[in-house]
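Novice: My structure file query_31.txt, compact mmCIF, C-alpha atoms, is below:
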```txt
# COMPACT_ATOMS: atom_id res chain seq x y z
CA ASP T 955 7.92 -9.36 57.31
CA GLY T 956 9.54 -6.09 56.34
CA GLY T 957 8.32 -2.96 57.99
CA ILE T 958 8.59 -0.40 60.74
CA THR T 959 7.93 -1.31 64.33
CA GLN T 960 7.08 1.28 66.95
CA SER T 961 6.87 0.46 70.63
CA PRO T 962 5.17 0.76 72.95
CA LYS T 963 1.73 1.31 71.47
CA TYR T 964 0.67 3.31 74.54
CA LEU T 965 2.92 5.21 76.93
CA PHE T 966 2.27 7.28 80.00
CA ARG T 967 4.60 9.95 81.29
CA LYS T 968 4.79 11.37 84.76
CA GLU T 969 5.63 15.03 85.26
CA GLY T 970 9.36 15.65 85.09
CA GLN T 971 10.06 12.27 83.50
CA ASN T 972 11.87 11.56 80.25
CA VAL T 973 10.41 8.79 78.12
CA THR T 974 11.80 7.05 75.05
CA LEU T 975 9.81 5.85 72.07
CA SER T 976 11.30 3.08 69.99
CA CYS T 977 11.36 2.89 66.19
CA GLU T 978 12.97 0.00 64.34
CA GLN T 979 12.91 -0.72 60.60
CA ASN T 980 14.13 -3.68 58.56
CA LEU T 981 13.53 -2.08 55.17
CA ASN T 982 17.19 -1.06 54.79
CA HIS T 983 16.08 2.57 54.43
CA ASP T 984 18.62 5.32 54.97
CA ALA T 985 16.19 8.06 55.98
CA MET T 986 14.06 8.02 59.12
CA TYR T 987 11.62 10.54 60.55
CA TRP T 988 9.63 11.36 63.68
CA TYR T 989 6.31 13.17 63.48
CA ARG T 990 3.85 14.42 66.05
CA GLN T 991 0.13 14.34 65.35
CA ASP T 992 -2.39 16.14 67.53
CA PRO T 993 -6.12 15.28 67.39
CA GLY T 994 -7.69 16.24 64.09
CA GLN T 995 -4.42 17.67 62.83
CA GLY T 996 -1.83 16.88 60.24
CA LEU T 997 1.72 15.68 60.90
CA ARG T 998 4.46 17.95 62.18
CA LEU T 999 8.10 16.97 61.74
CA ILE T 1000 10.14 16.64 64.95
CA TYR T 1001 13.48 15.23 63.76
CA TYR T 1002 14.82 13.40 60.75
CA SER T 1003 17.97 11.50 59.85
CA GLN T 1004 19.41 10.68 56.46
CA ILE T 1005 22.43 8.72 57.63
CA VAL T 1006 23.77 6.97 60.71
CA ASN T 1007 25.17 9.31 63.37
CA ASP T 1008 23.57 12.35 61.77
CA PHE T 1009 20.17 13.97 62.29
CA GLN T 1010 18.48 17.34 61.81
CA LYS T 1011 15.81 19.26 63.66
CA GLY T 1012 12.40 19.51 62.14
CA ASP T 1013 9.76 22.15 62.78
CA ILE T 1014 9.04 21.30 66.43
CA ALA T 1015 12.26 19.82 67.88
CA GLU T 1016 12.18 21.68 71.21
CA GLY T 1017 11.74 19.29 74.13
CA TYR T 1018 12.72 16.23 72.09
CA SER T 1019 15.98 14.41 71.38
CA VAL T 1020 16.98 11.56 69.06
CA SER T 1021 19.92 9.32 68.25
CA ARG T 1022 20.84 7.32 65.17
CA GLU T 1023 23.54 4.86 66.19
CA LYS T 1024 22.31 2.13 63.87
CA LYS T 1025 20.68 2.29 60.46
CA GLU T 1026 17.73 0.27 61.71
CA SER T 1027 16.95 2.28 64.82
CA PHE T 1028 15.85 5.89 65.48
CA PRO T 1029 14.61 6.30 69.07
CA LEU T 1030 12.88 9.48 70.19
CA THR T 1031 13.16 10.80 73.74
CA VAL T 1032 10.47 13.12 74.99
CA THR T 1033 12.16 15.14 77.69
CA SER T 1034 10.70 16.91 80.69
CA ALA T 1035 11.24 20.17 78.79
CA GLN T 1036 8.36 19.22 76.50
CA LYS T 1037 5.47 20.70 78.47
CA ASN T 1038 2.67 19.40 76.29
CA PRO T 1039 3.73 15.92 75.20
CA THR T 1040 0.29 14.33 74.87
CA ALA T 1041 0.01 13.34 71.20
CA PHE T 1042 0.25 10.51 68.71
CA TYR T 1043 3.85 9.95 67.56
CA LEU T 1044 4.63 8.44 64.19
CA CYS T 1045 7.92 7.14 62.89
CA ALA T 1046 8.61 6.77 59.18
CA SER T 1047 11.42 5.70 56.88
CA ALA T 1048 12.25 6.20 53.22
CA VAL T 1049 14.80 5.31 50.58
CA LEU T 1050 17.07 8.27 49.87
CA ALA T 1051 16.22 9.96 46.57
CA LYS T 1052 12.79 8.36 46.66
CA ASN T 1053 10.23 10.43 48.42
CA ILE T 1054 7.74 7.81 49.54
CA GLN T 1055 7.60 7.35 53.30
CA TYR T 1056 6.62 4.19 55.12
CA PHE T 1057 5.05 4.58 58.54
CA GLY T 1058 4.90 2.61 61.75
CA ALA T 1059 1.65 2.07 63.65
CA GLY T 1060 2.36 4.89 66.09
CA THR T 1061 2.78 5.43 69.84
CA ARG T 1062 0.14 7.29 71.81
CA LEU T 1063 1.72 9.25 74.65
CA SER T 1064 -0.31 10.59 77.54
CA VAL T 1065 0.59 12.47 80.69
CA LEU T 1066 -0.39 11.08 84.09
CA SER A 673 5.67 24.76 58.43
CA GLN A 674 2.45 22.97 57.56
CA GLN A 675 1.54 24.27 54.16
CA GLY A 676 -0.94 21.88 52.63
CA GLU A 677 -4.53 22.76 53.28
CA GLU A 678 -7.21 20.26 52.53
CA ASP A 679 -10.81 20.79 51.74
CA PRO A 680 -13.26 19.72 52.97
CA GLN A 681 -12.15 18.96 56.51
CA ALA A 682 -14.77 16.23 56.70
CA LEU A 683 -16.86 14.43 54.11
CA SER A 684 -19.73 12.01 54.64
CA ILE A 685 -21.11 9.94 51.76
CA GLN A 686 -22.96 6.70 51.04
CA GLU A 687 -21.36 3.57 49.68
CA GLY A 688 -21.17 3.64 45.91
CA GLU A 689 -20.84 7.41 45.70
CA ASN A 690 -17.68 9.20 44.60
CA ALA A 691 -15.58 11.16 47.07
CA THR A 692 -13.50 14.17 46.05
CA MET A 693 -11.05 15.94 48.30
CA ASN A 694 -8.81 18.86 47.46
CA CYS A 695 -5.38 20.02 48.52
CA SER A 696 -3.82 23.44 48.07
CA TYR A 697 -0.20 24.32 48.64
CA LYS A 698 1.88 27.48 48.58
CA THR A 699 5.26 26.97 46.94
CA SER A 700 6.71 25.13 43.96
CA ILE A 701 6.95 21.36 44.24
CA ASN A 702 8.64 18.45 42.52
CA ASN A 703 5.88 16.04 43.39
CA LEU A 704 2.77 15.64 45.51
CA GLN A 705 1.61 12.53 47.31
CA TRP A 706 -1.58 11.31 48.92
CA TYR A 707 -1.61 9.18 52.05
CA ARG A 708 -4.38 7.43 53.93
CA GLN A 709 -4.66 7.01 57.70
CA ASN A 710 -7.10 4.65 59.37
CA SER A 711 -8.13 5.74 62.85
CA GLY A 712 -5.29 5.37 65.34
CA ARG A 713 -2.91 3.92 62.78
CA GLY A 714 0.08 5.00 60.71
CA LEU A 715 -0.15 6.53 57.25
CA VAL A 716 -0.12 4.47 54.08
CA HIS A 717 1.10 5.85 50.78
CA LEU A 718 -1.54 5.86 48.04
CA ILE A 719 -0.18 7.66 45.01
CA LEU A 720 2.52 10.09 43.86
CA ILE A 721 2.11 12.59 41.05
CA ARG A 722 5.06 14.54 39.63
CA SER A 723 4.93 18.23 38.82
CA ASN A 724 5.02 17.52 35.08
CA GLU A 725 1.99 15.21 35.29
CA ARG A 726 -1.60 16.42 35.23
CA GLU A 727 -3.49 13.25 36.08
CA LYS A 728 -2.73 9.82 37.46
CA HIS A 729 -4.84 6.76 38.15
CA SER A 730 -4.45 3.84 40.51
CA GLY A 731 -7.39 1.46 40.78
CA ARG A 732 -10.36 3.48 42.05
CA LEU A 733 -8.17 6.50 42.74
CA ARG A 734 -7.71 9.42 40.38
CA VAL A 735 -5.37 12.28 41.25
CA THR A 736 -5.09 15.55 39.38
CA LEU A 737 -2.48 18.25 39.75
CA ASP A 738 -2.72 21.86 38.63
CA THR A 739 0.61 23.54 39.31
CA SER A 740 -0.64 26.89 38.04
CA LYS A 741 -3.26 26.90 40.79
CA LYS A 742 -1.04 25.04 43.25
CA SER A 743 -3.76 22.51 43.89
CA SER A 744 -4.47 18.80 43.65
CA SER A 745 -7.54 16.66 43.98
CA LEU A 746 -8.08 13.05 44.96
CA LEU A 747 -11.14 11.26 43.62
CA ILE A 748 -12.20 7.92 45.03
CA THR A 749 -14.80 6.30 42.80
CA ALA A 750 -17.48 3.86 43.93
CA SER A 751 -16.63 4.34 47.60
CA ARG A 752 -16.80 1.48 50.07
CA ALA A 753 -17.24 1.49 53.83
CA ALA A 754 -13.61 0.32 54.04
CA ASP A 755 -12.52 3.64 52.49
CA THR A 756 -13.47 5.38 55.75
CA ALA A 757 -10.23 7.07 56.86
CA SER A 758 -8.39 10.38 56.88
CA TYR A 759 -6.62 11.38 53.70
CA PHE A 760 -3.56 13.65 53.63
CA CYS A 761 -1.69 15.32 50.84
CA ALA A 762 2.06 15.80 51.19
CA THR A 763 4.44 17.94 49.17
CA ASP A 764 8.21 17.71 48.85
CA ASN A 765 9.05 21.37 49.05
CA GLY A 766 10.10 20.96 52.65
CA GLY A 767 13.62 20.26 51.56
CA PHE A 768 15.55 17.19 50.49
CA GLN A 769 13.79 14.07 51.63
CA LYS A 770 11.32 16.07 53.72
CA LEU A 771 7.58 16.12 53.23
CA VAL A 772 5.09 18.73 54.37
CA PHE A 773 1.71 17.24 55.19
CA GLY A 774 -1.67 18.86 54.87
CA THR A 775 -4.30 19.00 57.58
CA GLY A 776 -6.28 16.08 56.16
CA THR A 777 -9.82 15.26 55.08
CA ARG A 778 -11.83 12.84 57.24
CA LEU A 779 -13.93 10.64 54.99
CA LEU A 780 -16.87 8.64 56.33
CA VAL A 781 -18.49 6.15 53.97
CA SER A 782 -21.76 4.76 55.29
CA PRO A 783 -23.10 1.37 54.17
```
As structure tokens, please, write out the structure in this file.
Specialist:
Amino acid sequence: DGGITQSPKYLFRKEGQNVTLSCEQNLNHDAMYWYRQDPGQGLRLIYYSQIVNDFQKGDIAEGYSVSREKKESFPLTVTSAQKNPTAFYLCASAVLAKNIQYFGAGTRLSVL
Amino acid sequence: SQQGEEDPQALSIQEGENATMNCSYKTSINNLQWYRQNSGRGLVHLILIRSNEREKHSGRLRVTLDTSKKSSSLLITASRAADTASYFCATDNGGFQKLVFGTGTRLLVSP
């Protein structure tokens, strides 16, 4: 089945710890995105990538880092610098020049 | 830069009724999309309307776009309990390949 897989579904972070959220797609999409969603809110863009080995900051990149070493994979690291990481994180992908985004099922991150 | 604002924030209706939700945005766009999110899940694309289109249909969905008022509406006809979800508009003015999402409308359809 083609699609976007996010793992884990639930993640807990201890204070001072970095955690990495996985996002893998087999849709052969060039563009990938990470969003943060807080309760009752819309989506805010953290980082996005249009090509392997290149990525750009979104609106709320502080405290986060990403890599894009393979077309299929776009992991997000929530660093200890992110003081309020509790949120629902969504990964998406899209075909370049087509604006429709396809989303994973999300990772819910909580702080212990 | 969250620019889409949706109205109402929450909507509660009975099965069989129509549901209308509205989206307003601030700058010029090439297209506007609507997405649906079931509780605790990812978003699913519903429909895209281009700036030169005024109305578009897809099954029980009807979307209108008024670029002069910078607004769009999503109408779901003959609602079903399975339509219960949050609905978001998204515009493409965030830059190449970027979308800016609205704050969403939570729709509850009661049997």
Novice: How many Å lie between atom CA of Glu978 of chain T and atom CA of Val1049 of chain T, rounded to one decimal?
Specialist: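 Atom CA of Glu978 of chain T sits 14.9 Å away from atom CA of Val1049 of chain T.
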Novice: Just the residues within 12 Å of segment 1007-1016 of chain T, please, counting only C-alpha atoms, with nothing from its chain fewer than 4 positions along; format it as a count of residues only.
Specialist: 44
Novice: Just checking: using all atoms listed in the file, which residue out of A:Ser696, A:Asn710, A:Thr739, A:Asn690 ends up closest to chain T?
Specialist: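 Distance minimum relative to chain T lands on A:Asn710.
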Novice: Identify, on the basis of all atoms listed in the file, every residue whose closest approach to Ile748 of chain A does not exceed 9 Å; exclude the query and any residue fewer than 3 positions from it along the same chain; express the result as a PyMOL selection string.
Specialist: chain A and resi 689-693+732-735+751+755
Novice: Define the interface residues of chain A facing chain T as those within 12 Å, counting all atoms listed in the file, and report them as a VMD selection string.
Specialist: chain A and resid 673 to 678 681 to 682 702 to 722 757 to 778
Novice: Quick one: pull the distance between atom CA of Ser744 of chain A and atom CA of Pro680 of chain A, Å, one decimal.
Specialist: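 Between these atoms lies a distance of 12.8 Å.
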Novice: Take atom CA of Thr974 of chain T and atom CA of Tyr1018 of chain T and report the distance between them in Å, one decimal.
Specialist: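 Calculated distance between atom CA of Thr974 of chain T and atom CA of Tyr1018 of chain T is 9.7 Å.
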Novice: Output as AutoDock Vina command-line options the centre and edge lengths (Å, one decimal) of the box along x, y and z of the file that holds every listed atom of segment 958-969 of chain T after adding 8 Å on each side.
Specialist:
```
--center_x 4.6 --center_y 6.9 --center_z 73.0 --size_x 23.9 --size_y 32.3 --size_z 40.5
```
Novice: Rank nothing, just name the residue among A:Ser723, A:Ser782, A:Ser745, A:Thr736 nearest to Thr699 of chain A, using all atoms listed in the file.
Specialist: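 So, comparing all the options, the nearest one is A:Ser723.
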